[in-house]
$ cat start-v2.txt   # compact mmCIF, C-alpha atoms
# COMPACT_ATOMS: atom_id res chain seq x y z
CA TYR N 1 52.07 -42.93 171.90
CA MET N 2 48.97 -42.04 169.94
CA ILE N 3 48.18 -45.69 169.29
CA GLU N 4 49.65 -47.29 172.41
CA GLY N 5 48.03 -44.83 174.80
CA GLY N 6 51.37 -44.17 176.49
CA SER N 7 54.93 -45.40 176.57
CA SER N 8 55.66 -48.86 175.20
CA ARG N 9 58.62 -51.21 174.93
CA ASP N 10 57.34 -53.27 172.01
CA PHE N 11 54.66 -51.11 170.32
CA ALA N 12 52.51 -54.21 169.96
CA ASN N 13 49.29 -52.26 169.31
CA ALA N 14 50.82 -50.15 166.55
CA LYS N 15 52.42 -53.16 164.89
CA ALA N 16 49.21 -55.16 165.11
CA TRP N 17 47.17 -52.36 163.58
CA ALA N 18 49.68 -51.88 160.74
CA ARG N 19 49.71 -55.60 159.98
CA GLU N 20 46.00 -56.34 160.44
CA ASP N 21 44.55 -53.16 158.91
CA ALA N 22 47.18 -51.66 156.62
CA ALA N 23 44.60 -49.41 154.93
CA GLY N 24 43.47 -47.91 158.22
CA PHE N 25 47.03 -47.48 159.45
CA THR N 26 47.94 -45.84 156.13
CA GLU N 27 45.14 -43.32 156.66
CA LEU N 28 46.67 -42.34 159.99
CA ILE N 29 50.17 -42.10 158.53
CA ASP N 30 48.86 -39.97 155.65
CA LEU N 31 47.19 -37.61 158.14
CA LEU N 32 50.41 -37.39 160.14
CA VAL N 33 52.44 -36.68 156.99
CA GLU N 34 50.07 -33.88 156.03
CA ALA N 35 49.97 -32.35 159.53
CA THR N 36 53.73 -32.60 160.00
CA ALA N 37 54.49 -31.05 156.62
CA GLU N 38 52.04 -28.21 157.25
CA TYR N 39 53.54 -27.63 160.70
CA LEU N 40 57.11 -27.55 159.38
CA ILE N 41 56.14 -25.24 156.54
CA ALA N 42 54.52 -22.91 159.08
CA GLN N 43 57.71 -23.04 161.17
CA ALA N 44 59.75 -21.98 158.13
CA GLU N 45 57.29 -19.19 157.38
CA ALA N 46 57.62 -18.04 161.00
CA GLY N 47 61.38 -17.72 160.53
CA ALA N 48 62.87 -21.12 161.42
CA GLU N 49 66.22 -21.36 159.68
CA VAL N 50 66.56 -25.15 160.01
CA LEU N 51 63.91 -27.83 160.54
CA GLN N 52 64.32 -31.23 162.16
CA ILE N 53 62.05 -34.26 161.86
CA PHE N 54 62.28 -36.65 164.80
CA ASP N 55 61.23 -40.22 164.12
CA SER N 56 62.26 -41.35 167.57
CA TRP N 57 60.56 -44.74 167.24
CA ALA N 58 61.80 -45.70 163.77
CA SER N 59 63.60 -48.66 165.32
CA VAL N 60 60.22 -50.30 165.95
CA TRP N 61 60.23 -51.42 162.31
CA GLU N 62 62.65 -53.46 160.21
CA GLY N 63 63.16 -54.14 156.52
CA PRO N 64 60.18 -53.45 154.26
CA GLU N 65 58.07 -52.15 157.16
CA LEU N 66 60.77 -49.61 158.06
CA ARG N 67 60.84 -48.39 154.47
CA HIS N 68 57.04 -48.29 154.23
CA TRP N 69 56.10 -46.79 157.60
CA CYS N 70 59.14 -44.52 158.23
CA LEU N 71 61.26 -43.80 155.16
CA LYS N 72 58.39 -43.32 152.71
CA PRO N 73 56.52 -40.85 154.99
CA ALA N 74 59.77 -38.96 155.70
CA VAL N 75 60.43 -38.65 151.97
CA GLU N 76 56.95 -37.19 151.46
CA ILE N 77 57.21 -34.74 154.37
CA ILE N 78 60.58 -33.50 153.14
CA ARG N 79 59.31 -33.24 149.55
CA ARG N 80 56.40 -31.05 150.65
CA VAL N 81 58.60 -28.84 152.84
CA LYS N 82 61.18 -28.44 150.07
CA MET N 83 58.49 -27.50 147.56
CA ALA N 84 57.38 -24.67 149.83
CA HIS N 85 60.82 -23.67 151.17
CA PRO N 86 63.61 -25.15 149.05
CA LYS N 87 66.38 -23.24 150.84
CA VAL N 88 65.45 -24.22 154.40
CA PRO N 89 67.63 -27.18 155.46
CA VAL N 90 65.81 -30.22 156.82
CA ILE N 91 67.47 -32.65 159.23
CA LEU N 92 65.99 -36.13 159.70
CA PHE N 93 66.45 -38.27 162.83
CA PRO N 94 65.29 -41.88 162.31
CA ARG N 95 66.55 -43.00 165.71
CA ALA N 96 68.25 -46.38 166.14
CA VAL N 97 67.78 -47.73 162.62
CA GLY N 98 71.32 -49.16 162.40
CA LYS N 99 72.58 -49.86 158.88
CA ALA N 100 69.29 -48.50 157.49
CA TYR N 101 70.72 -45.02 158.16
CA GLY N 102 72.32 -45.52 154.75
CA GLU N 103 68.94 -45.75 153.04
CA PHE N 104 67.72 -42.65 154.86
CA ALA N 105 70.90 -40.75 153.88
CA ARG N 106 70.56 -41.65 150.19
CA GLU N 107 66.80 -41.59 149.72
CA ALA N 108 65.04 -39.27 152.18
CA GLY N 109 66.01 -35.99 150.55
CA ALA N 110 67.08 -34.47 153.86
CA ASP N 111 69.99 -32.07 154.05
CA GLY N 112 71.17 -33.60 157.31
CA LEU N 113 70.87 -36.86 159.20
CA SER N 114 70.99 -37.09 163.00
CA LEU N 115 72.69 -40.14 164.45
CA ASP N 116 72.05 -41.94 167.70
CA PRO N 117 75.00 -42.93 169.94
CA SER N 118 75.11 -46.52 168.65
CA VAL N 119 76.33 -45.49 165.19
CA SER N 120 79.98 -46.16 164.42
CA LEU N 121 81.70 -42.87 163.64
CA ALA N 122 84.02 -44.40 161.02
CA TRP N 123 81.07 -46.09 159.29
CA ALA N 124 79.07 -42.85 159.37
CA ARG N 125 81.98 -40.88 157.91
CA GLU N 126 82.58 -43.38 155.10
CA THR N 127 79.02 -44.45 154.33
CA LEU N 128 76.73 -41.53 155.19
CA GLN N 129 78.73 -38.31 155.08
CA PRO N 130 79.31 -38.44 151.31
CA ASP N 131 75.52 -38.18 150.85
CA VAL N 132 74.36 -35.93 153.67
CA ALA N 133 75.51 -33.67 156.51
CA LEU N 134 75.67 -35.52 159.80
CA GLN N 135 74.51 -34.44 163.25
CA GLY N 136 75.27 -36.16 166.51
CA ASN N 137 76.05 -38.47 168.21
CA LEU N 138 77.32 -37.92 171.76
CA ASN N 139 75.73 -40.25 174.30
CA PRO N 140 73.65 -38.11 176.70
CA GLN N 141 74.89 -40.20 179.65
CA VAL N 142 78.49 -39.26 178.84
CA LEU N 143 77.41 -35.63 179.16
CA VAL N 144 75.91 -36.43 182.57
CA ARG N 145 79.18 -38.02 183.76
CA GLY N 146 81.43 -35.28 182.33
CA GLY N 147 85.16 -35.09 182.98
CA ALA N 148 87.81 -36.86 180.91
CA GLU N 149 85.26 -39.29 179.47
CA LEU N 150 83.28 -36.38 178.03
CA ARG N 151 86.38 -34.62 176.70
CA ASP N 152 87.60 -37.81 175.01
CA ALA N 153 84.21 -38.59 173.47
CA VAL N 154 83.86 -35.05 172.10
CA ASP N 155 87.37 -35.16 170.64
CA GLU N 156 86.68 -38.52 168.98
CA ILE N 157 83.44 -37.31 167.39
CA LEU N 158 85.08 -34.15 166.12
CA ARG N 159 88.13 -36.02 164.77
CA GLU N 160 85.94 -38.51 162.93
CA LEU N 161 83.20 -36.28 161.55
CA ALA N 162 84.27 -32.62 161.47
CA GLY N 163 86.18 -33.12 158.21
CA GLY N 164 82.90 -33.20 156.30
CA PRO N 165 79.50 -31.54 156.64
CA PHE N 166 78.74 -31.91 160.33
CA ILE N 167 76.76 -30.44 163.24
CA PHE N 168 77.90 -31.40 166.73
CA ASN N 169 75.02 -32.62 168.85
CA LEU N 170 73.92 -35.33 171.22
CA GLY N 171 72.69 -38.65 169.91
CA HIS N 172 69.40 -37.94 171.69
CA GLY N 173 68.13 -35.27 174.10
CA ILE N 174 69.68 -33.88 177.25
CA VAL N 175 68.41 -35.76 180.29
CA PRO N 176 67.13 -33.82 183.35
CA GLU N 177 70.02 -34.84 185.63
CA THR N 178 72.63 -33.29 183.30
CA PRO N 179 74.81 -30.81 185.23
CA PRO N 180 74.72 -27.41 183.49
CA GLU N 181 78.48 -27.05 184.01
CA HIS N 182 79.01 -30.16 181.85
CA VAL N 183 77.01 -28.53 179.06
CA ALA N 184 79.11 -25.38 179.39
CA ALA N 185 82.33 -27.43 179.22
CA LEU N 186 81.04 -29.27 176.15
CA VAL N 187 80.18 -26.03 174.34
CA GLU N 188 83.55 -24.52 175.20
CA GLN N 189 85.39 -27.60 173.94
CA VAL N 190 83.48 -27.74 170.65
CA ARG N 191 84.01 -24.02 170.01
CA ALA N 192 87.73 -24.25 170.76
CA TRP N 193 88.35 -27.41 168.71
CA ARG N 194 90.70 -27.15 165.77
CA PRO N 195 91.68 -30.02 163.45
$ encode --input "start-v2.txt" --output "structure tokens"
Amino acid sequence: YMIEGGSSRDFANAKAWAREDAAGFTELIDLLVEATAEYLIAQAEAGAEVLQIFDSWASVWEGPELRHWCLKPAVEIIRRVKMAHPKVPVILFPRAVGKAYGEFAREAGADGLSLDPSVSLAWARETLQPDVALQGNLNPQVLVRGGAELRDAVDEILRELAGGPFIFNLGHGIVPETPPEHVAALVEQVRAWRP
């Protein structure tokens, strides 16, 4: 948003800047790393018990650019936070990065990894959960619809992931049209669930 001036589907301006002026784009990323780390450290000092880093637009990049512009900065932010507050868990959410979630799980240094709804639960359990606690990945639209679809989706997520380190959550934020009674039913179901 900072570079595009608003919402974007293709992030053409950001990509162009990164490719045409890597040094200038690096300066911005370095400033963002420093500001984000300082902010998270301040949150921990103010009493936050868990911190989460949202890289909601990580899917803009692929391959080496994903590693350079998303993974590398996340590693540095987490390193700085852990130096200041080694016992405060950090969760990382590199949204919609597909199979690259594996690299983030192994290399970022986060205690937890949030997953978007597109991630296969079986793959996450087998590939990611051995390296990091998982968080997610209920589709927010399923929460909007509620009913049997919601109950079944919650049960499937819990069956697949609750056997290892896991935090139940959505695969992205709650949307405004979500009925509060669906949220209440979700919370009740998760609290009552037993393997």
$ closest_atom_pairs --input "start-v2.txt" --of "range 82-121 of chain N" --to "range 66-69 of chain N" --cutoff "12 Å" --atoms "all atoms listed in the file" --output "CSV"
residue,atom,partner,partner_atom,distance
N:Pro94,CA,N:Leu66,CA,9.9
N:Arg95,CA,N:Leu66,CA,11.6
N:Ala96,CA,N:Leu66,CA,11.5
N:Val97,CA,N:Leu66,CA,8.6
N:Gly98,CA,N:Leu66,CA,11.4
N:Lys99,CA,N:Leu66,CA,11.8
N:Ala100,CA,N:Leu66,CA,8.6
N:Tyr101,CA,N:Leu66,CA,11.0
N:Gly102,CA,N:Arg67,CA,11.8
N:Glu103,CA,N:Arg67,CA,8.6
N:Phe104,CA,N:Arg67,CA,9.0
N:Glu107,CA,N:Arg67,CA,10.2
N:Ala108,CA,N:Arg67,CA,10.3
$ closest_residue --input "start-v2.txt" --among "N:Arg125, N:Arg79, N:His182, N:His172" --to "Arg151 in chain N" --atoms "only C-alpha atoms"
N:His182
$ residues_around --input "start-v2.txt" --residues "Ala37 in chain N" --least-positions-apart "3" --cutoff "7 Å" --atoms "only C-alpha atoms" --output "PyMOL selection string"
chain N and resi 33-34+40-41+77+80-81
$ closest_residue --input "start-v2.txt" --among "N:Asp111, N:Glu4, N:Glu49, N:Glu27" --to "Gln129 in chain N" --atoms "only C-alpha atoms"
N:Asp111
$ residues_near_point --input "start-v2.txt" --point "(48.5, -41.9, 157.3)" --cutoff "12 Å" --atoms "only C-alpha atoms" --output "list in words"
Ala18, Ala22, Ala23, Gly24, Phe25, Thr26, Glu27, Leu28, Ile29, Asp30, Leu31, Leu32, Val33, Glu34, Ala35, Thr36, His68, Trp69, Cys70, Lys72, Pro73, Ala74, Glu76 and Ile77 of chain N
$ atom_distance --input "start-v2.txt" --atom1 "CA of Pro176 in chain N" --atom2 "CA of Ile157 in chain N"
23.1 Å
$ atom_distance --input "start-v2.txt" --atom1 "CA of Ala12 in chain N" --atom2 "CA of Trp61 in chain N"
11.2 Å
$ atom_distance --input "start-v2.txt" --atom1 "CA of Ala105 in chain N" --atom2 "CA of Pro130 in chain N"
9.1 Å
$ closest_residue --input "start-v2.txt" --among "N:Val154, N:Ala42, N:Leu128, N:Val60" --to "Gly171 in chain N" --atoms "only C-alpha atoms"
N:Val154
$ closest_residue --input "start-v2.txt" --among "N:Ala58, N:Met83, N:Ala122, N:Leu113" --to "Leu134 in chain N" --atoms "all atoms listed in the file"
N:Leu113
$ residues_around --input "start-v2.txt" --residues "Asn13 in chain N" --least-positions-apart "4" --cutoff "12 Å" --atoms "all atoms listed in the file" --output "VMD selection string"
chain N and resid 1 to 9 17 to 21 25 60
$ closest_residue --input "start-v2.txt" --among "N:Gly112, N:Pro64, N:Gly173, N:Gly147" --to "Gln189 in chain N" --atoms "only C-alpha atoms"
N:Gly147
$ closest_residue --input "start-v2.txt" --among "N:Pro86, N:Leu138, N:Glu65, N:Ile91" --to "Leu161 in chain N" --atoms "all atoms listed in the file"
N:Leu138
$ axis_aligned_box --input "start-v2.txt" --around "range 12-20 of chain N" --padding-each-side "3 Å" --output "lines of an AutoDock Vina configuration file"
center_x = 49.3
center_y = -53.2
center_z = 165.0
size_x = 12.5
size_y = 12.2
size_z = 16.0
$ residues_near_point --input "start-v2.txt" --point "(74.9, -43.6, 164.2)" --cutoff "8 Å" --atoms "all atoms listed in the file" --output "JSON, numbers by chain"
{"N": [96, 98, 101, 114, 115, 116, 117, 118, 119, 120, 121, 124, 136, 137, 171]}
$ build_atoms --input "start-v2.txt" --residues "range 167-178 of chain N" --atoms "all heavy atoms" --output "mmCIF file, in the coordinates of the input"
data_model
loop_
_atom_site.group_PDB
_atom_site.id
_atom_site.type_symbol
_atom_site.label_atom_id
_atom_site.label_comp_id
_atom_site.auth_asym_id
_atom_site.auth_seq_id
_atom_site.Cartn_x
_atom_site.Cartn_y
_atom_site.Cartn_z
ATOM 1 N N ILE N 167 77.286 -31.260 162.153
ATOM 2 C CA ILE N 167 76.760 -30.440 163.240
ATOM 3 C C ILE N 167 76.971 -31.235 164.521
ATOM 4 O O ILE N 167 76.468 -32.352 164.645
ATOM 5 C CB ILE N 167 75.253 -30.152 163.067
ATOM 6 C CG1 ILE N 167 74.987 -29.452 161.742
ATOM 7 C CG2 ILE N 167 74.714 -29.359 164.248
ATOM 8 C CD1 ILE N 167 73.531 -29.459 161.325
ATOM 9 N N PHE N 168 77.703 -30.683 165.475
ATOM 10 C CA PHE N 168 77.900 -31.400 166.730
ATOM 11 C C PHE N 168 76.599 -31.366 167.519
ATOM 12 O O PHE N 168 75.962 -30.332 167.634
ATOM 13 C CB PHE N 168 79.015 -30.781 167.571
ATOM 14 C CG PHE N 168 79.399 -31.670 168.718
ATOM 15 C CD1 PHE N 168 80.449 -32.555 168.586
ATOM 16 C CD2 PHE N 168 78.670 -31.674 169.887
ATOM 17 C CE1 PHE N 168 80.765 -33.430 169.614
ATOM 18 C CE2 PHE N 168 78.969 -32.534 170.920
ATOM 19 C CZ PHE N 168 80.030 -33.416 170.792
ATOM 20 N N ASN N 169 76.233 -32.533 168.062
ATOM 21 C CA ASN N 169 75.020 -32.620 168.850
ATOM 22 C C ASN N 169 75.057 -33.913 169.658
ATOM 23 O O ASN N 169 75.947 -34.739 169.477
ATOM 24 C CB ASN N 169 73.777 -32.600 167.956
ATOM 25 C CG ASN N 169 72.536 -32.112 168.672
ATOM 26 O OD1 ASN N 169 72.453 -32.117 169.897
ATOM 27 N ND2 ASN N 169 71.544 -31.697 167.904
ATOM 28 N N LEU N 170 74.089 -34.070 170.515
ATOM 29 C CA LEU N 170 73.920 -35.330 171.220
ATOM 30 C C LEU N 170 73.266 -36.336 170.286
ATOM 31 O O LEU N 170 72.672 -35.968 169.277
ATOM 32 C CB LEU N 170 73.054 -35.134 172.463
ATOM 33 C CG LEU N 170 73.539 -34.144 173.508
ATOM 34 C CD1 LEU N 170 72.590 -34.109 174.690
ATOM 35 C CD2 LEU N 170 74.944 -34.467 173.951
ATOM 36 N N GLY N 171 73.347 -37.601 170.674
ATOM 37 C CA GLY N 171 72.690 -38.650 169.910
ATOM 38 C C GLY N 171 71.243 -38.824 170.324
ATOM 39 O O GLY N 171 70.538 -39.684 169.819
ATOM 40 N N HIS N 172 70.784 -38.043 171.257
ATOM 41 C CA HIS N 172 69.400 -37.940 171.690
ATOM 42 C C HIS N 172 69.374 -36.778 172.665
ATOM 43 O O HIS N 172 70.399 -36.125 172.873
ATOM 44 C CB HIS N 172 68.886 -39.251 172.305
ATOM 45 C CG HIS N 172 67.396 -39.398 172.163
ATOM 46 N ND1 HIS N 172 66.533 -39.182 173.199
ATOM 47 C CD2 HIS N 172 66.633 -39.715 171.100
ATOM 48 C CE1 HIS N 172 65.282 -39.358 172.780
ATOM 49 N NE2 HIS N 172 65.323 -39.690 171.511
ATOM 50 N N GLY N 173 68.269 -36.478 173.300
ATOM 51 C CA GLY N 173 68.130 -35.270 174.100
ATOM 52 C C GLY N 173 68.910 -35.255 175.408
ATOM 53 O O GLY N 173 69.341 -36.288 175.909
ATOM 54 N N ILE N 174 69.070 -34.064 175.938
ATOM 55 C CA ILE N 174 69.680 -33.880 177.250
ATOM 56 C C ILE N 174 68.719 -34.418 178.308
ATOM 57 O O ILE N 174 67.530 -34.129 178.276
ATOM 58 C CB ILE N 174 69.991 -32.395 177.530
ATOM 59 C CG1 ILE N 174 71.129 -31.930 176.628
ATOM 60 C CG2 ILE N 174 70.330 -32.158 178.983
ATOM 61 C CD1 ILE N 174 71.521 -30.472 176.814
ATOM 62 N N VAL N 175 69.253 -35.212 179.229
ATOM 63 C CA VAL N 175 68.410 -35.760 180.290
ATOM 64 C C VAL N 175 68.382 -34.783 181.468
ATOM 65 O O VAL N 175 69.309 -33.982 181.654
ATOM 66 C CB VAL N 175 68.900 -37.161 180.724
ATOM 67 C CG1 VAL N 175 68.715 -38.153 179.579
ATOM 68 C CG2 VAL N 175 70.334 -37.135 181.174
ATOM 69 N N PRO N 176 67.311 -34.812 182.274
ATOM 70 C CA PRO N 176 67.130 -33.820 183.350
ATOM 71 C C PRO N 176 68.288 -33.741 184.346
ATOM 72 O O PRO N 176 68.572 -32.672 184.876
ATOM 73 C CB PRO N 176 65.843 -34.275 184.050
ATOM 74 C CG PRO N 176 65.104 -35.060 183.028
ATOM 75 C CD PRO N 176 66.152 -35.716 182.170
ATOM 76 N N GLU N 177 68.958 -34.853 184.616
ATOM 77 C CA GLU N 177 70.020 -34.840 185.630
ATOM 78 C C GLU N 177 71.354 -34.314 185.105
ATOM 79 O O GLU N 177 72.362 -34.333 185.815
ATOM 80 C CB GLU N 177 70.198 -36.232 186.236
ATOM 81 C CG GLU N 177 70.616 -37.309 185.269
ATOM 82 C CD GLU N 177 69.475 -38.044 184.583
ATOM 83 O OE1 GLU N 177 68.336 -37.538 184.557
ATOM 84 O OE2 GLU N 177 69.724 -39.133 184.043
ATOM 85 N N THR N 178 71.396 -33.809 183.878
ATOM 86 C CA THR N 178 72.630 -33.290 183.300
ATOM 87 C C THR N 178 73.084 -32.037 184.030
ATOM 88 O O THR N 178 72.338 -31.050 184.101
ATOM 89 C CB THR N 178 72.440 -32.959 181.809
ATOM 90 O OG1 THR N 178 71.976 -34.142 181.140
ATOM 91 C CG2 THR N 178 73.732 -32.484 181.176
#
